[in-house]
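Data from query-v3.txt: compact mmCIF, C-alpha atoms and all ligand atoms
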# COMPACT_ATOMS: atom_id res chain seq x y z
CA MET Z 87 136.12 33.28 58.54
CA THR Z 88 133.56 34.24 55.92
CA ARG Z 89 130.27 32.45 55.67
CA SER Z 90 131.35 30.83 52.39
CA SER Z 91 134.58 29.54 53.90
CA PHE Z 92 132.59 28.27 56.88
CA SER Z 93 130.28 26.41 54.47
CA ALA Z 94 133.33 24.93 52.79
CA LEU Z 95 134.58 23.79 56.19
CA VAL Z 96 131.26 22.15 56.99
CA LEU Z 97 131.29 20.40 53.63
CA THR Z 98 134.82 19.20 54.24
CA VAL Z 99 133.83 17.78 57.60
CA SER Z 100 130.77 16.15 55.99
CA THR Z 101 132.90 14.60 53.28
CA ILE Z 102 135.36 13.23 55.81
CA MET Z 103 132.55 11.78 57.86
CA MET Z 104 130.88 10.10 54.88
CA ALA Z 105 134.19 8.58 53.88
CA ALA Z 106 134.84 7.43 57.43
CA THR Z 107 131.45 5.89 58.07
CA GLY Z 108 130.60 4.55 54.63
CA CYS Z 109 127.42 6.56 54.86
CA ALA Z 110 125.37 6.66 51.66
CA GLY Z 111 125.62 10.41 51.85
CA ASN Z 112 123.52 13.39 52.64
CA PRO Z 113 121.57 14.46 49.51
CA GLU Z 114 121.52 18.10 50.59
CA ARG Z 115 125.28 18.21 50.48
CA SER Z 116 125.92 16.32 47.26
CA GLY Z 117 126.81 17.97 43.98
CA GLY Z 118 129.88 19.82 45.17
CA GLY Z 119 128.17 22.74 46.88
CA PRO Z 120 125.50 23.68 49.36
CA ALA Z 121 122.03 23.26 47.87
CA ALA Z 122 118.99 25.32 48.86
CA ALA Z 123 117.93 24.14 52.29
CA PRO Z 124 114.82 21.93 52.13
CA ALA Z 125 112.12 22.10 54.78
CA GLY Z 126 113.39 20.66 58.02
CA ALA Z 127 117.02 21.22 57.10
CA GLY Z 128 117.76 23.08 60.28
CA GLU Z 129 117.66 26.65 59.02
CA GLU Z 130 113.94 27.14 59.72
CA VAL Z 131 114.83 27.90 63.33
CA LEU Z 132 116.59 31.08 62.21
CA ALA Z 133 113.17 32.65 61.62
CA GLY Z 134 113.06 32.94 65.40
CA VAL Z 135 116.08 35.24 65.55
CA SER Z 136 115.43 38.73 66.97
CA LYS Z 137 117.67 41.71 66.40
CA LEU Z 138 117.75 44.84 68.56
CA THR Z 139 119.84 47.51 66.86
CA SER Z 140 120.88 50.88 68.25
CA VAL Z 141 121.14 53.99 66.10
CA GLN Z 142 124.73 54.12 67.39
CA ALA Z 143 127.14 51.65 65.83
CA GLY Z 144 128.85 49.24 68.19
CA PRO Z 145 129.55 45.61 68.96
CA VAL Z 146 127.23 42.66 68.44
CA LEU Z 147 126.21 40.40 71.33
CA PHE Z 148 124.69 37.07 70.23
CA VAL Z 149 122.54 35.27 72.82
CA ILE Z 150 121.28 31.73 72.26
CA ALA Z 151 119.10 29.57 74.51
CA GLY Z 152 116.97 26.46 74.32
CA ILE Z 153 119.60 24.16 72.86
CA HIS Z 154 118.42 21.66 75.48
CA GLY Z 155 114.67 21.24 75.71
CA ASP Z 156 114.51 20.67 79.46
CA GLU Z 157 116.40 23.89 80.30
CA THR Z 158 113.78 26.59 79.93
CA SER Z 159 115.00 29.44 82.16
CA GLY Z 160 117.43 30.66 79.51
CA VAL Z 161 114.63 30.63 76.95
CA THR Z 162 112.46 32.84 79.17
CA ALA Z 163 115.34 35.20 79.93
CA ALA Z 164 116.35 35.43 76.27
CA ARG Z 165 112.75 36.17 75.25
CA GLN Z 166 112.63 38.94 77.84
CA LEU Z 167 115.81 40.40 76.36
CA ALA Z 168 114.35 40.13 72.86
CA ALA Z 169 111.28 42.11 73.98
CA GLY Z 170 113.56 45.15 74.16
CA PRO Z 171 114.70 47.82 74.53
CA ALA Z 172 117.52 48.13 72.00
CA PRO Z 173 120.98 48.76 73.45
CA ALA Z 174 122.51 52.25 73.58
CA ARG Z 175 125.22 51.08 71.17
CA GLY Z 176 125.53 48.13 68.83
CA THR Z 177 123.24 45.19 68.19
CA ILE Z 178 121.83 42.37 70.29
CA ILE Z 179 120.94 39.24 68.33
CA ILE Z 180 118.84 36.65 70.15
CA LEU Z 181 117.90 33.09 69.22
CA PRO Z 182 115.79 32.19 72.27
CA ALA Z 183 114.72 28.71 71.17
CA ALA Z 184 117.48 26.89 69.32
CA ALA Z 185 115.64 23.56 69.46
CA PRO Z 186 111.87 24.19 69.58
CA GLU Z 187 111.40 20.50 68.85
CA ALA Z 188 113.16 19.57 72.10
CA LEU Z 189 111.40 22.32 74.05
CA ALA Z 190 108.05 21.00 72.85
CA SER Z 191 108.89 17.55 74.15
CA GLY Z 192 110.40 18.87 77.38
CA GLU Z 193 113.41 16.62 76.88
CA ARG Z 194 117.09 17.44 76.50
CA TRP Z 195 116.98 16.14 72.92
CA ALA Z 196 114.16 16.26 70.40
CA PRO Z 197 112.74 12.84 69.50
CA HIS Z 198 115.00 11.09 66.97
CA TRP Z 199 117.71 13.71 67.41
CA SER Z 200 121.04 13.38 69.09
CA ASP Z 201 122.27 15.99 71.57
CA LEU Z 202 122.34 19.32 69.72
CA ASN Z 203 125.11 20.56 71.99
CA ARG Z 204 127.38 17.73 70.84
CA ALA Z 205 126.48 18.10 67.16
CA PHE Z 206 128.58 21.15 66.25
CA PRO Z 207 131.69 20.68 64.09
CA VAL Z 208 134.88 19.79 65.90
CA PRO Z 209 138.24 20.98 64.57
CA GLY Z 210 141.13 18.71 63.73
CA SER Z 211 141.33 15.01 64.30
CA ASP Z 212 138.41 15.01 66.71
CA SER Z 213 136.02 15.28 63.76
CA SER Z 214 135.17 11.62 64.38
CA VAL Z 215 133.08 12.89 67.29
CA ARG Z 216 130.53 14.01 64.69
CA GLY Z 217 128.03 11.28 63.94
CA ASP Z 218 125.40 10.61 61.30
CA LEU Z 219 124.97 13.85 59.36
CA THR Z 220 121.41 12.90 58.43
CA ASP Z 221 120.59 13.47 62.10
CA PRO Z 222 118.57 16.73 62.28
CA ALA Z 223 120.76 17.89 65.16
CA TYR Z 224 123.74 18.23 62.80
CA ARG Z 225 121.79 20.25 60.25
CA ARG Z 226 120.49 22.53 63.01
CA ALA Z 227 124.00 22.94 64.39
CA ASP Z 228 125.33 23.90 60.94
CA ALA Z 229 122.53 26.44 60.44
CA ILE Z 230 123.14 28.11 63.80
CA LEU Z 231 126.91 28.18 63.38
CA GLY Z 232 126.54 29.63 59.87
CA ARG Z 233 124.38 32.46 61.22
CA ILE Z 234 126.87 33.26 63.97
CA ALA Z 235 129.72 33.22 61.44
CA ALA Z 236 127.80 35.71 59.28
CA GLU Z 237 127.02 38.08 62.17
CA ARG Z 238 130.59 38.18 63.59
CA PRO Z 239 129.53 38.97 67.19
CA ALA Z 240 131.98 40.22 69.80
CA LEU Z 241 130.67 37.54 72.18
CA VAL Z 242 128.25 34.60 72.13
CA LEU Z 243 126.38 33.62 75.31
CA ASP Z 244 124.76 30.16 75.36
CA LEU Z 245 122.26 29.82 78.22
CA HIS Z 246 121.87 26.44 79.97
CA GLU Z 247 120.93 24.75 83.26
CA SER Z 248 122.94 22.09 85.06
CA ASP Z 249 122.39 19.45 87.72
CA ARG Z 250 125.71 20.09 89.52
CA TYR Z 251 128.03 18.83 86.78
CA TRP Z 252 129.08 22.37 85.90
CA THR Z 253 127.68 24.06 88.99
CA GLU Z 254 129.33 22.20 91.83
CA GLY Z 255 128.74 24.08 95.05
CA GLY Z 256 125.21 25.05 94.13
CA GLY Z 257 126.05 28.31 92.38
CA PRO Z 258 126.00 29.32 88.74
CA ALA Z 259 129.07 29.02 86.52
CA LEU Z 260 130.56 30.17 83.25
CA VAL Z 261 132.06 27.40 81.11
CA ILE Z 262 135.01 28.93 79.26
CA PRO Z 263 136.77 27.70 76.09
CA ARG Z 264 140.56 27.62 76.22
CA SER Z 265 141.28 30.59 73.94
CA SER Z 266 142.73 33.72 75.45
CA LYS Z 267 139.95 35.81 73.87
CA SER Z 268 137.15 33.90 75.61
CA THR Z 269 139.10 33.68 78.85
CA GLU Z 270 139.83 37.42 78.97
CA LEU Z 271 136.20 38.32 78.36
CA ALA Z 272 135.01 35.78 80.95
CA LEU Z 273 137.38 37.10 83.60
CA ALA Z 274 136.29 40.68 82.88
CA LEU Z 275 132.66 39.60 83.11
CA LEU Z 276 133.23 37.84 86.43
CA GLU Z 277 134.50 41.09 87.95
CA LEU Z 278 131.28 42.97 87.28
CA PRO Z 279 128.63 43.74 89.89
CA GLY Z 280 126.06 40.96 90.17
CA MET Z 281 128.49 38.27 89.02
CA GLU Z 282 129.89 37.59 92.50
CA ASP Z 283 128.12 34.22 92.83
CA PHE Z 284 129.44 32.86 89.53
CA ALA Z 285 132.29 30.37 89.41
CA PHE Z 286 134.11 29.39 86.24
CA THR Z 287 135.12 26.12 84.71
CA GLY Z 288 135.87 24.58 81.34
CA PRO Z 289 136.58 23.76 78.67
CA PRO Z 290 133.21 23.18 77.00
CA PRO Z 291 132.65 19.69 75.57
CA ALA Z 292 133.70 18.79 72.03
CA GLY Z 293 130.74 19.26 69.73
CA SER Z 294 129.23 22.04 71.81
CA LEU Z 295 128.25 25.38 70.31
CA ALA Z 296 130.69 27.29 72.51
CA ALA Z 297 133.62 25.09 71.50
CA ALA Z 298 132.79 25.40 67.79
CA VAL Z 299 132.29 29.17 67.93
CA ASP Z 300 135.54 29.69 69.77
CA TYR Z 301 137.79 27.13 68.10
CA LEU Z 302 136.42 27.22 64.54
CA LEU Z 303 135.19 30.80 64.14
CA GLY Z 304 137.65 32.51 66.50
CA ILE Z 305 134.74 34.28 68.23
CA PRO Z 306 134.61 34.39 72.06
CA ALA Z 307 131.83 32.23 73.48
CA LEU Z 308 130.69 31.31 76.98
CA ILE Z 309 128.23 28.76 78.30
CA VAL Z 310 126.14 30.06 81.19
CA GLU Z 311 125.13 27.23 83.52
CA VAL Z 312 122.65 27.91 86.32
CA PRO Z 313 121.73 25.20 88.85
CA ASP Z 314 118.47 23.48 88.00
CA SER Z 315 117.84 23.12 91.74
CA LEU Z 316 117.05 26.84 92.00
CA PRO Z 317 113.51 28.20 91.56
CA PRO Z 318 112.73 29.14 87.94
CA GLU Z 319 112.62 32.86 88.72
CA GLU Z 320 116.10 32.73 90.24
CA ARG Z 321 117.48 30.82 87.25
CA GLU Z 322 115.98 33.43 84.92
CA ARG Z 323 117.38 36.24 87.05
CA LEU Z 324 120.88 34.79 86.88
CA HIS Z 325 120.73 34.55 83.10
CA GLY Z 326 119.60 38.17 83.07
CA VAL Z 327 122.53 39.18 85.26
CA VAL Z 328 125.02 37.65 82.83
CA MET Z 329 123.38 39.20 79.77
CA ASN Z 330 123.36 42.63 81.43
CA ALA Z 331 126.95 42.27 82.55
CA ALA Z 332 127.96 41.30 79.00
CA LEU Z 333 126.16 44.31 77.52
CA CYS Z 334 127.85 46.55 80.06
CA MET Z 335 131.28 45.02 79.47
CA LEU Z 336 130.94 45.49 75.71
CA GLY Z 337 130.01 49.16 76.18
CA MET Z 338 126.51 48.61 74.79
CA LEU Z 339 124.54 50.06 77.73
CA GLY Z 340 125.82 53.62 77.38
CA MET Z 341 126.78 53.77 81.05
CA PRO Z 342 130.00 52.95 82.90
CA CYS Z 343 130.60 49.49 84.33
CA MET Z 344 132.14 49.25 87.76
CA LEU Z 345 135.19 47.17 86.96
CA GLY Z 346 137.54 45.84 89.59
CA MET Z 347 135.18 44.16 92.03
CA PRO Z 348 137.42 42.27 94.48
CA SER Z 349 135.81 38.81 94.61
CA MET Z 350 137.16 36.14 92.26
CA PRO Z 351 135.31 32.84 92.01
CA SER Z 352 137.19 29.61 92.52
CA ILE Z 353 137.83 27.16 89.71
CA LEU Z 354 135.40 24.25 89.62
CA VAL Z 355 136.44 20.80 88.58
CA PRO Z 356 133.63 18.60 87.24
CA THR Z 357 133.55 15.26 89.02
CA GLU Z 358 130.74 13.44 87.25
CA THR Z 359 129.64 12.68 83.74
CA PRO Z 360 126.68 14.91 82.75
ZN ZN Z 401 122.23 22.34 78.58

In structure tokens, what does this structure look like?
Amino acid sequence: MTRSSFSALVLTVSTIMMAATGCAGNPERSGGGPAAAPAGAGEEVLAGVSKLTSVQAGPVLFVIAGIHGDETSGVTAARQLAAGPAPARGTIIILPAAAPEALASGERWAPHWSDLNRAFPVPGSDSSVRGDLTDPAYRRADAILGRIAAERPALVLDLHESDRYWTEGGGPALVIPRSSKSTELALALLELPGMEDFAFTGPPPAGSLAAAVDYLLGIPALIVEVPDSLPPEERERLHGVVMNAALCMLGMLGMPCMLGMPSMPSILVPTETP
């Protein structure tokens, strides 16, 4: 999907939502086309994107963290990745703080926002999940998704922490969308050295970044959930393990990956509401 067709999709969803809710409308979206983004429209966060590009062409890995303001280990790990070096092949794109407003408050959501990881567009009839589009979370979600659509990465990793909802058993987990593309990459990732402690589960919730990237853009996406009961350094290390494994799997490290490790994590079934 091109960026312009993605914008058209977002506008379509917006139009449906305004019709459904009787909302007076979102001025930024009126006039039949996307207007220049005003201050605070969500796109300002994209100034925090880092890009590490190799002289050798190759795939793009997109890493995002800090969607939830009380989950800081992914932010630290992503910033460490962004500090370099560049990969041997391809490009790493990092948005380490997707919601600086929430990180500043130390809360899952920024004040007066809804949950950013439930604010991404939802395909099909589930579009009613999307709420008031004047909520800054929706504008931020659109900005992030638009950037990912433009970059066309081979894989998106979204770094989070969990209080056992996704990490039952006390270990880390990958939350996998239903598509075969995401599933195949996740299973390949789980076979790599260092990933032995990871379980897998899914699908990601409607309105999450991973669901939107996979289902709307057709780009593989995985949520990385590490237990918030672990010490911060261990949470950061686990995020680093996944990022390294992804770079290796995509052939971006310039060295062979040892595929075919024998252990296969068991499927987790969430038992509580997050
Ligand atoms: Zn989270």

For ligand ZN 401 (chain Z), collect every residue having any atom at a distance of at most 8 Å from a ligand atom (counting all atoms listed in the file); output as a PDB file with C-alpha atoms, keeping the file's coordinate frame.
ATOM      1  CA  GLY Z 152     116.970  26.460  74.320  1.00  0.00           C
ATOM      2  CA  ILE Z 153     119.600  24.160  72.860  1.00  0.00           C
ATOM      3  CA  HIS Z 154     118.420  21.660  75.480  1.00  0.00           C
ATOM      4  CA  ASP Z 156     114.510  20.670  79.460  1.00  0.00           C
ATOM      5  CA  GLU Z 157     116.400  23.890  80.300  1.00  0.00           C
ATOM      6  CA  ARG Z 194     117.090  17.440  76.500  1.00  0.00           C
ATOM      7  CA  ASN Z 203     125.110  20.560  71.990  1.00  0.00           C
ATOM      8  CA  LEU Z 245     122.260  29.820  78.220  1.00  0.00           C
ATOM      9  CA  HIS Z 246     121.870  26.440  79.970  1.00  0.00           C
ATOM     10  CA  GLU Z 247     120.930  24.750  83.260  1.00  0.00           C
ATOM     11  CA  SER Z 248     122.940  22.090  85.060  1.00  0.00           C
ATOM     12  CA  GLU Z 311     125.130  27.230  83.520  1.00  0.00           C
TER      13      GLU Z 311
END

>> Report, in Å with one decimal, the straight-line distance from atom CA of Ala168 of chain Z to atom CA of Glu129 of chain Z.
In response: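 A separation of 19.6 Å between them.
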
>> Give me the residues near segment 134-141 of chain Z as a VMD selection string, where near means some atom within 10 Å (using only C-alpha atoms) and where sequence neighbours in that chain fewer than 6 positions away do not count.
In response: chain Z and resid 147 to 150 164 to 165 167 to 184 186 233 338

Writer output for current selection, C-alpha atoms, as a short mmCIF file (atom, residue, chain, number, x, y, z; two decimals), in the frame of the given file:
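again.cif, freshly written:
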data_model
loop_
_atom_site.label_atom_id
_atom_site.label_comp_id
_atom_site.auth_asym_id
_atom_site.auth_seq_id
_atom_site.Cartn_x
_atom_site.Cartn_y
_atom_site.Cartn_z
CA LEU Z 147 126.21 40.40 71.33
CA PHE Z 148 124.69 37.07 70.23
CA VAL Z 149 122.54 35.27 72.82
CA ILE Z 150 121.28 31.73 72.26
CA ALA Z 164 116.35 35.43 76.27
CA ARG Z 165 112.75 36.17 75.25
CA LEU Z 167 115.81 40.40 76.36
CA ALA Z 168 114.35 40.13 72.86
CA ALA Z 169 111.28 42.11 73.98
CA GLY Z 170 113.56 45.15 74.16
CA PRO Z 171 114.70 47.82 74.53
CA ALA Z 172 117.52 48.13 72.00
CA PRO Z 173 120.98 48.76 73.45
CA ALA Z 174 122.51 52.25 73.58
CA ARG Z 175 125.22 51.08 71.17
CA GLY Z 176 125.53 48.13 68.83
CA THR Z 177 123.24 45.19 68.19
CA ILE Z 178 121.83 42.37 70.29
CA ILE Z 179 120.94 39.24 68.33
CA ILE Z 180 118.84 36.65 70.15
CA LEU Z 181 117.90 33.09 69.22
CA PRO Z 182 115.79 32.19 72.27
CA ALA Z 183 114.72 28.71 71.17
CA ALA Z 184 117.48 26.89 69.32
CA PRO Z 186 111.87 24.19 69.58
CA ARG Z 233 124.38 32.46 61.22
CA MET Z 338 126.51 48.61 74.79
#

> Do you have the atom CA of Glu322 of chain Z-atom CA of Leu231 of chain Z distance handy?
Replying inline: 24.7 Å

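Among Z:Gly144, Z:Pro317, Z:Pro279, Z:Gly128, the residue with the shortest atom-to-atom distance to Pro342 of chain Z, counting only C-alpha atoms, is Z:Pro279.
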
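Using all atoms listed in the file, the smallest distance between any of Z:Leu189, Z:Ile262, Z:Ala223, Z:Met341 and Phe286 of chain Z comes from Z:Ile262.
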
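In terms of minimum interatomic distance to Ala331 of chain Z, Z:Leu278 ranks closest within Z:Leu278, Z:Leu295, Z:Leu316, Z:Leu308, counting only C-alpha atoms.
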
> Which neighbours of Val261 of chain Z fall inside 7 Å, counting only C-alpha atoms, when residues of the same chain fewer than 2 positions from it are skipped, and could you give them as a PyMOL selection string?
Replying inline: chain Z and resi 259+263+286-290+308-310

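Once all atoms listed in the file are considered, the residues situated within 7 Å of the file point (127.3, 17.7, 68.0) turn out to be Asp201, Leu202, Asn203, Arg204, Ala205, Phe206, Pro207, Arg216, Tyr224, Gly293 and Ser294 of chain Z.
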
>> Residues within 12 Å of (129.1, 44.8, 80.6), file coordinates, counting all atoms listed in the file: what are they? Give the list as a PyMOL selection string.
In response: chain Z and resi 145+147+173+175+241+271-281+326-345

>> Report as a PyMOL selection string all protein, DNA and RNA residues lying within 9 Å of Ser315 of chain Z, evaluated on only C-alpha atoms, omitting residues in the same chain fewer than 3 positions from it.
In response: chain Z and resi 248-250+256+312+318+321
